[in-house]
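For reference, the structure discussed in these notes is given below.
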Amino acid sequence: MTHPILPISVGKSRRGLSVWDVVAVLLVLAVLVFLAQASRELVQPLPEPGARSITLDPAKLPEYATRTTLRMLAAMTLSLIFTFTYATWAAKSRRAEVVLLPLLDILQSVPILGFISVSVVFFMSLAPGRVLGAEYAAVFAIFTSQAWNMAFSFFRFGAWMRFWRLEVPFAMPQLIWNMMMSMSGGWFFVVASEAVSVGDTTVTLPGIGSYIALAIERRDLAAIGCAIGTMLVVILIYDQLLFRPLVAWADRFRFEQEAGLTPPRSWVLTTLRRSRLVKWATAPFGAALRWSYRALPQPNNPSAKRADHERATRWVDRIWYAAVVVVALIALWEITRFVSARVAISEVGKTVLFGLATMTRVFVLIAIASVIWVPIGVSIGLRPGLARIAQPIAQFLAAFPANILFPIAVSAIVTFQLDPNIWLSPLMILGTQWYILFNVVAGASTIPSELRDIGTNYGIRGWLWWRKVALPAVFPFYVTGAITASGGSWNASVVAEVANWGQKHLQAQGVGAYIAQATEAGDYHRIVLGIAVMSAFVVIINRVFWRPLYRYAERKFRLG
Amino acid sequence: MDAAPLLDVRGVRKIFPKPDGGELLVLDGINLKVQEGEIVGLLGRSGSGKSTLLRLIAGLSQPAGGSIRYLGQAVDRPAPGIVMVFQSFALFPWLTVLENVEIGLQALGLPQDETRRRSLAAIDLIGLDGFESAYPRELSGGMRQRVGFARGLVVHPNILLMDEPFSALDVLTAETLRTDFLDLWSEGQLPIKGVILVTHNIEEAVLMCDRILVFSTQSRPDHKRDQG
């Protein structure tokens, strides 16, 4: 962070401007133009209700893609800011931490499209009559899909300098990894959030998502094909311009010191590093940061602080916890009142049954995905050459918003008249199965070479090898992947359990469909009920199933 | 007298590709014979290719030239009669002591009761009686390496390859384990016929080995980088 530019090129670049400078300048300018162009459109008035602002003209696709990407960038920036501030806050105060950490956990389990259903009207009222309000809502939806996850990867904090020098670098690979993962979630929800209607409030933002929504309405497979192609290009550009450089740059923070691995490379990063202009422009930031290490007051002696704490504030603690309990009770009362005003008790029972149906789907899908991807992941992870080829491909697939593919699947279901209760389900895991693959590949590649040698040396083969060597070794990694995949699938159920193809309406029984329906009807009481039931399911499943499983995996199958 | 030796290594050569595309010559023209009842030591500084030769003998990698014959048969894959003991013990942390020892026999497809009987006997022999159901991380370094030995011995190999088996242990533990091993060996209680020991400890080599091969490093230090 403090030295973003490697000093390797100092000797070479004495001769004034290099080609790298020109490339770097062009890159930076292009980004600026891109930002200016897109932000100008934000202050445009909203189109008249009924008037179509979206067309299926493929020539408009680059523009739509740009706007979608911009929303994505804005949300990513917000998420980063959130990550840094929220975690600092939690670390600064023990009292805040007891509330903030579980809060993050719960926020993570709330379906993201639930957020948008509830918040869209509020955001529209912030900038009445302008596109900006709708943009806020869309950006917020993406933000909610990224922020919690990223904040978790970054939780512990210390003093300012220790933070930048020690903890940021240490958490950096993890954070970037999480950013990439969250990004794929983000694409999913940006596409979903561009064309949302909650009751009478309709949001149609120009973007890839609304383009697809229109294509679905018109049953235009060719247009959907164009959108998929555009999306592929956008993700490729994103990968090359943003994540490849970040990964290559963050490679130095890796704590492991295995030799022999080819470090990740990026032409963009090389360009930026070799350019003297960029170096010159970023130097003041580094200097300012270094200055701030000295200028900011050193934190108090921790032991003195602790003694202080105990003496003065025991009853402050009590008041704080009491306040938390009171607020929680009021919240419970308000929620119950709000929901029960319009919804009968029997409906709660029905919603829970829907929840069970969705749960069954998620578990069955995770099981199927595991059977497919674990063996493949192990095979890839054990062959570094293959992993190098497969990794970018899998990353690419993971970043691709699966809901863009939904129309194809849905048109097939309609054509072959399949049972939506079964055949809509795979859509839930389309985008999240990659987490399992990723983690298993990572797990298999960390198996120490001695253990592999033992396997070869003693002739351990076949099922015995899988049972005693490979599966236990990747198990903790697999559990991590499965937890993420499961969480993602719950989220996706809101989009995946209900699908339209032209006038044809497909629906599976499940809590996701329940939320989607309530959103369409603008029925806030049922939206809140659905969200509450789904969150409760996710939280309970996490606490009762995944966490114990994870702890067991950590305890028993930890390597070393 | 000169029947087929236990192991016959002739003119072995090994080259590693370097990341920059060049080649690294690690072993060249290595000859080595191991007869029955011998402990042969491979001594040299790190990077001299000792472990590489051991891996070639174990069939874990293939030489670029020359031949390795075990009981007259060419070694082109891991031979059942040659097993290896690692410096880092290389135990499976999720298996108990007993399961770690049993795994070699299970790989041979032996029936369950014989597997169990032989494993318990090996654990007993190596002095780990009572620790069958412990996990490796609950054991001290010395005991872990005993498990490593038991796992190797239980399959009744002809040749035991030991890659610095005592280097990760403290001096006293290493001493005890060495002495125990030599006692069992000289009493003829071990089912093995020959041992190849890689070490960089001269005393250890002198104490344990009947014959010692000293590996030299070439004068250009960059020519042979650390191979571990």
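Please note that chains go A, B, ... in the order of the structure tokens, that every chain numbers its residues from 1, and that ligands are numbered from 1 in the order shown.
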Selection near Ala64 of chain B, 9 Å with only C-alpha atoms, sequence-local residues under 3 positions removed, as a PyMOL selection string: chain B and resi 12-15
Near chain A, which residues of chain B fall within 6 Å when you count only C-alpha atoms, and what do they look like as a PDB file with C-alpha atoms, in the first residue's frame?
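What ended up in result11.pdb:
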```pdb
ATOM      1  CA  PRO B  78       7.453 -47.260  -6.818  1.00  0.00           C
ATOM      2  CA  ALA B  90       4.673 -37.138   6.643  1.00  0.00           C
ATOM      3  CA  TRP B  94      -6.485 -37.097  10.378  1.00  0.00           C
ATOM      4  CA  GLY B 104       0.478 -49.353   3.723  1.00  0.00           C
ATOM      5  CA  ALA B 107      -2.829 -50.549  -0.032  1.00  0.00           C
TER       6      ALA B 107
END
```
If we count only C-alpha atoms and set the cut-off at 6 Å, which residues sit around segment 131-148 of chain B, ignoring sequence neighbours fewer than 3 positions away in its own chain? Please answer as a PDB file with all heavy atoms, in the first residue's frame.
```pdb
ATOM      1  N   PHE B  89       8.295 -36.540   8.810  1.00  0.00           N
ATOM      2  CA  PHE B  89       7.416 -37.630   9.288  1.00  0.00           C
ATOM      3  C   PHE B  89       6.321 -37.964   8.279  1.00  0.00           C
ATOM      4  O   PHE B  89       6.035 -39.132   8.066  1.00  0.00           O
ATOM      5  CB  PHE B  89       6.761 -37.323  10.647  1.00  0.00           C
ATOM      6  CG  PHE B  89       7.663 -36.605  11.626  1.00  0.00           C
ATOM      7  CD1 PHE B  89       7.208 -35.555  12.375  1.00  0.00           C
ATOM      8  CD2 PHE B  89       8.980 -37.020  11.785  1.00  0.00           C
ATOM      9  CE1 PHE B  89       8.047 -34.903  13.273  1.00  0.00           C
ATOM     10  CE2 PHE B  89       9.820 -36.380  12.680  1.00  0.00           C
ATOM     11  CZ  PHE B  89       9.349 -35.317  13.418  1.00  0.00           C
ATOM     12  N   PRO B  93      -2.476 -36.331   9.357  1.00  0.00           N
ATOM     13  CA  PRO B  93      -2.916 -35.818  10.662  1.00  0.00           C
ATOM     14  C   PRO B  93      -4.314 -36.280  11.052  1.00  0.00           C
ATOM     15  O   PRO B  93      -4.670 -36.240  12.218  1.00  0.00           O
ATOM     16  CB  PRO B  93      -2.864 -34.298  10.496  1.00  0.00           C
ATOM     17  CG  PRO B  93      -2.821 -34.039   9.047  1.00  0.00           C
ATOM     18  CD  PRO B  93      -2.226 -35.251   8.398  1.00  0.00           C
ATOM     19  N   THR B  96      -5.331 -41.959  13.033  1.00  0.00           N
ATOM     20  CA  THR B  96      -4.668 -42.287  14.291  1.00  0.00           C
ATOM     21  C   THR B  96      -3.351 -43.002  13.996  1.00  0.00           C
ATOM     22  O   THR B  96      -3.051 -43.342  12.852  1.00  0.00           O
ATOM     23  CB  THR B  96      -5.529 -43.218  15.146  1.00  0.00           C
ATOM     24  OG1 THR B  96      -5.714 -44.433  14.422  1.00  0.00           O
ATOM     25  CG2 THR B  96      -6.891 -42.609  15.449  1.00  0.00           C
ATOM     26  N   VAL B  97      -2.572 -43.219  15.051  1.00  0.00           N
ATOM     27  CA  VAL B  97      -1.308 -43.937  14.895  1.00  0.00           C
ATOM     28  C   VAL B  97      -1.556 -45.273  14.197  1.00  0.00           C
ATOM     29  O   VAL B  97      -0.897 -45.606  13.212  1.00  0.00           O
ATOM     30  CB  VAL B  97      -0.664 -44.152  16.282  1.00  0.00           C
ATOM     31  CG1 VAL B  97       0.477 -45.144  16.194  1.00  0.00           C
ATOM     32  CG2 VAL B  97      -0.191 -42.822  16.849  1.00  0.00           C
ATOM     33  N   LEU B  98      -2.558 -46.001  14.699  1.00  0.00           N
ATOM     34  CA  LEU B  98      -2.837 -47.316  14.118  1.00  0.00           C
ATOM     35  C   LEU B  98      -3.225 -47.203  12.640  1.00  0.00           C
ATOM     36  O   LEU B  98      -2.708 -47.924  11.792  1.00  0.00           O
ATOM     37  CB  LEU B  98      -3.956 -47.993  14.914  1.00  0.00           C
ATOM     38  CG  LEU B  98      -4.329 -49.405  14.457  1.00  0.00           C
ATOM     39  CD1 LEU B  98      -3.144 -50.354  14.584  1.00  0.00           C
ATOM     40  CD2 LEU B  98      -5.505 -49.951  15.258  1.00  0.00           C
ATOM     41  N   LEU B 128       5.713 -47.993  20.719  1.00  0.00           N
ATOM     42  CA  LEU B 128       4.594 -47.052  20.824  1.00  0.00           C
ATOM     43  C   LEU B 128       3.361 -47.718  21.414  1.00  0.00           C
ATOM     44  O   LEU B 128       2.246 -47.236  21.244  1.00  0.00           O
ATOM     45  CB  LEU B 128       4.254 -46.491  19.443  1.00  0.00           C
ATOM     46  CG  LEU B 128       5.136 -45.360  18.954  1.00  0.00           C
ATOM     47  CD1 LEU B 128       4.775 -45.015  17.525  1.00  0.00           C
ATOM     48  CD2 LEU B 128       4.971 -44.132  19.831  1.00  0.00           C
ATOM     49  N   ARG B 151       5.270 -47.405  10.231  1.00  0.00           N
ATOM     50  CA  ARG B 151       4.547 -47.462   8.972  1.00  0.00           C
ATOM     51  C   ARG B 151       5.419 -48.069   7.874  1.00  0.00           C
ATOM     52  O   ARG B 151       4.951 -48.800   7.017  1.00  0.00           O
ATOM     53  CB  ARG B 151       4.099 -46.057   8.565  1.00  0.00           C
ATOM     54  CG  ARG B 151       3.408 -46.036   7.220  1.00  0.00           C
ATOM     55  CD  ARG B 151       2.876 -44.685   6.884  1.00  0.00           C
ATOM     56  NE  ARG B 151       3.929 -43.676   6.841  1.00  0.00           N
ATOM     57  CZ  ARG B 151       3.696 -42.382   6.728  1.00  0.00           C
ATOM     58  NH1 ARG B 151       2.467 -41.944   6.663  1.00  0.00           N
ATOM     59  NH2 ARG B 151       4.687 -41.527   6.689  1.00  0.00           N
ATOM     60  N   THR B 173      16.526 -36.752  21.703  1.00  0.00           N
ATOM     61  CA  THR B 173      15.521 -37.632  21.114  1.00  0.00           C
ATOM     62  C   THR B 173      16.103 -38.370  19.916  1.00  0.00           C
ATOM     63  O   THR B 173      15.897 -39.576  19.749  1.00  0.00           O
ATOM     64  CB  THR B 173      14.295 -36.813  20.677  1.00  0.00           C
ATOM     65  OG1 THR B 173      13.923 -35.949  21.739  1.00  0.00           O
ATOM     66  CG2 THR B 173      13.137 -37.709  20.332  1.00  0.00           C
TER      67      THR B 173
END
```
Spatial neighbours of Ala227 of chain A, 8 Å, only C-alpha atoms, chain gap at least 4 places, as a PyMOL selection string: chain A and resi 61+208+211-212+223+231+404
Close residues, Val34 of chain B itself excluded, 8 Å, only C-alpha atoms, min 4 positions apart in chain, as a VMD selection string: chain B and resid 5 to 8 38 40 194
Long-range neighbours of Ala496 of chain A as a PDB file with C-alpha atoms, in the first residue's frame, 12 Å cut-off, only C-alpha atoms, 2 positions minimum in chain:
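Printed below is result_28.pdb as written:
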```pdb
ATOM      1  CA  LEU A 113     -33.132  -8.947  -3.308  1.00  0.00           C
ATOM      2  CA  PHE A 188     -25.760 -11.395 -10.451  1.00  0.00           C
ATOM      3  CA  ALA A 192     -31.431  -8.518 -11.182  1.00  0.00           C
ATOM      4  CA  THR A 358     -36.187 -24.238  -0.546  1.00  0.00           C
ATOM      5  CA  ARG A 361     -33.495 -27.799  -2.857  1.00  0.00           C
ATOM      6  CA  VAL A 362     -30.359 -26.113  -1.579  1.00  0.00           C
ATOM      7  CA  ALA A 402     -25.742 -16.911 -13.966  1.00  0.00           C
ATOM      8  CA  ASN A 403     -29.107 -15.210 -14.222  1.00  0.00           C
ATOM      9  CA  ILE A 404     -28.245 -14.106 -17.744  1.00  0.00           C
ATOM     10  CA  LEU A 405     -28.416 -17.757 -18.672  1.00  0.00           C
ATOM     11  CA  PHE A 406     -31.791 -18.221 -16.986  1.00  0.00           C
ATOM     12  CA  PRO A 407     -33.870 -17.310 -20.030  1.00  0.00           C
ATOM     13  CA  ALA A 409     -33.051 -22.637 -19.326  1.00  0.00           C
ATOM     14  CA  VAL A 410     -36.547 -21.272 -18.845  1.00  0.00           C
ATOM     15  CA  PRO A 420     -40.730 -26.174 -12.600  1.00  0.00           C
ATOM     16  CA  ASN A 421     -40.473 -27.444  -9.013  1.00  0.00           C
ATOM     17  CA  ILE A 422     -37.570 -29.616 -10.077  1.00  0.00           C
ATOM     18  CA  TRP A 423     -36.130 -27.989 -13.156  1.00  0.00           C
ATOM     19  CA  LEU A 424     -36.026 -24.412 -11.926  1.00  0.00           C
ATOM     20  CA  SER A 425     -33.888 -25.556  -8.988  1.00  0.00           C
ATOM     21  CA  PRO A 426     -30.581 -26.043 -10.833  1.00  0.00           C
ATOM     22  CA  LEU A 427     -30.643 -22.326 -11.645  1.00  0.00           C
ATOM     23  CA  MET A 428     -30.077 -21.629  -7.959  1.00  0.00           C
ATOM     24  CA  ILE A 429     -26.692 -23.258  -7.993  1.00  0.00           C
ATOM     25  CA  LEU A 430     -25.610 -22.279 -11.484  1.00  0.00           C
ATOM     26  CA  GLY A 431     -23.565 -19.367 -10.222  1.00  0.00           C
ATOM     27  CA  GLY A 488     -25.375 -17.946  -2.444  1.00  0.00           C
ATOM     28  CA  SER A 489     -28.013 -20.450  -3.443  1.00  0.00           C
ATOM     29  CA  TRP A 490     -30.438 -19.143  -0.838  1.00  0.00           C
ATOM     30  CA  ASN A 491     -29.915 -15.697  -2.258  1.00  0.00           C
ATOM     31  CA  ALA A 492     -30.363 -16.892  -5.789  1.00  0.00           C
ATOM     32  CA  SER A 493     -33.613 -18.635  -4.917  1.00  0.00           C
ATOM     33  CA  VAL A 494     -35.408 -15.277  -4.971  1.00  0.00           C
ATOM     34  CA  VAL A 498     -39.816 -17.649 -10.276  1.00  0.00           C
ATOM     35  CA  ALA A 499     -39.183 -17.244 -13.963  1.00  0.00           C
ATOM     36  CA  ASN A 500     -40.933 -15.664 -16.874  1.00  0.00           C
ATOM     37  CA  LEU A 506     -43.118 -20.504 -14.154  1.00  0.00           C
ATOM     38  CA  GLN A 507     -43.045 -20.903 -10.441  1.00  0.00           C
ATOM     39  CA  ALA A 508     -41.624 -23.364  -7.956  1.00  0.00           C
ATOM     40  CA  GLN A 509     -42.896 -23.675  -4.406  1.00  0.00           C
ATOM     41  CA  GLY A 510     -40.424 -22.038  -2.076  1.00  0.00           C
ATOM     42  CA  VAL A 511     -39.688 -19.090   0.115  1.00  0.00           C
ATOM     43  CA  GLY A 512     -37.710 -17.436  -2.684  1.00  0.00           C
ATOM     44  CA  ALA A 513     -40.764 -17.477  -4.898  1.00  0.00           C
ATOM     45  CA  TYR A 514     -42.814 -16.161  -1.979  1.00  0.00           C
ATOM     46  CA  ILE A 515     -40.558 -13.124  -1.605  1.00  0.00           C
ATOM     47  CA  ALA A 516     -40.461 -12.547  -5.350  1.00  0.00           C
TER      48      ALA A 516
END
```
Separation of atom CA of Leu24 of chain B from atom CA of Leu53 of chain B, in Å and rounded to one decimal: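 Answer for the atom CA of Leu24 of chain B to atom CA of Leu53 of chain B separation: 14.6 Å.
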Picked from segment 104-213 of chain B by DSSP as alpha helix (DSSP H), as a PyMOL selection string: chain B and resi 104-107+112-125+141-154+171-186+202-208
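Across the model, the gap from atom CA of Met208 of chain B to atom CA of Leu182 of chain B is 7.2 Å.
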Extract the full set of strand (DSSP E) residues from segment 41-222 of chain B according to DSSP on the backbone, and format it as a PDB file with C-alpha atoms, in the first residue's frame.
```
ATOM      1  CA  GLY B  41      24.942 -43.454   4.121  1.00  0.00           C
ATOM      2  CA  LEU B  42      24.586 -40.604   1.652  1.00  0.00           C
ATOM      3  CA  LEU B  43      26.405 -37.623   3.074  1.00  0.00           C
ATOM      4  CA  GLY B  65      19.962 -41.328 -17.801  1.00  0.00           C
ATOM      5  CA  GLY B  66      21.453 -44.503 -16.332  1.00  0.00           C
ATOM      6  CA  SER B  67      19.589 -47.342 -14.629  1.00  0.00           C
ATOM      7  CA  ILE B  68      18.308 -48.306 -11.206  1.00  0.00           C
ATOM      8  CA  ARG B  69      17.728 -52.004 -10.603  1.00  0.00           C
ATOM      9  CA  TYR B  70      16.170 -53.511  -7.500  1.00  0.00           C
ATOM     10  CA  GLN B  73      14.334 -55.481 -11.842  1.00  0.00           C
ATOM     11  CA  ALA B  74      14.358 -51.973 -13.287  1.00  0.00           C
ATOM     12  CA  ILE B  82      11.183 -50.114  -1.145  1.00  0.00           C
ATOM     13  CA  VAL B  83       9.662 -47.666   1.321  1.00  0.00           C
ATOM     14  CA  MET B  84      10.689 -44.279   2.509  1.00  0.00           C
ATOM     15  CA  VAL B  85      10.808 -42.477   5.867  1.00  0.00           C
ATOM     16  CA  ILE B 159      15.026 -51.618   1.495  1.00  0.00           C
ATOM     17  CA  LEU B 160      14.248 -48.782   3.891  1.00  0.00           C
ATOM     18  CA  LEU B 161      15.060 -45.325   2.545  1.00  0.00           C
ATOM     19  CA  MET B 162      15.524 -42.705   5.240  1.00  0.00           C
ATOM     20  CA  ASP B 163      15.635 -39.040   4.271  1.00  0.00           C
ATOM     21  CA  GLY B 194      19.167 -52.937   3.572  1.00  0.00           C
ATOM     22  CA  VAL B 195      19.007 -49.289   4.521  1.00  0.00           C
ATOM     23  CA  ILE B 196      19.968 -46.118   2.686  1.00  0.00           C
ATOM     24  CA  LEU B 197      20.294 -43.159   5.012  1.00  0.00           C
ATOM     25  CA  VAL B 198      20.511 -39.578   3.797  1.00  0.00           C
ATOM     26  CA  THR B 199      22.123 -37.264   6.310  1.00  0.00           C
ATOM     27  CA  ARG B 211      29.517 -47.492   3.994  1.00  0.00           C
ATOM     28  CA  ILE B 212      29.268 -43.792   3.271  1.00  0.00           C
ATOM     29  CA  LEU B 213      29.030 -41.994  -0.058  1.00  0.00           C
ATOM     30  CA  VAL B 214      30.038 -38.367   0.092  1.00  0.00           C
TER      31      VAL B 214
END
```
Interatomic distance (Å, one decimal) between atom CA of Ala137 of chain A and atom CA of Ser117 of chain A: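 According to the coordinates, atom CA of Ala137 of chain A and atom CA of Ser117 of chain A are separated by 9.4 Å.
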Who sits within 8 Å of Ile531 of chain A, only C-alpha atoms, same chain under 3 positions skipped, as a list in words: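 Non-adjacent residues within range: Val110, Pro111, Gly114, Ile515, Ile527, Val528, Met534 and Ser535 of chain A.
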Selection above as a file: C-alpha atoms, as a CSV table (one decimal), in the first residue's frame:
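For reference, part.csv as written:
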```
chain,number,residue,atom,x,y,z
A,110,VAL,CA,-30.7,-11.7,4.6
A,111,PRO,CA,-31.6,-12.2,1.0
A,114,GLY,CA,-35.1,-8.6,-0.1
A,515,ILE,CA,-40.6,-13.1,-1.6
A,527,ILE,CA,-41.9,-9.2,1.9
A,528,VAL,CA,-40.8,-8.7,5.5
A,534,MET,CA,-35.4,-17.0,4.9
A,535,SER,CA,-32.9,-15.2,7.2
```
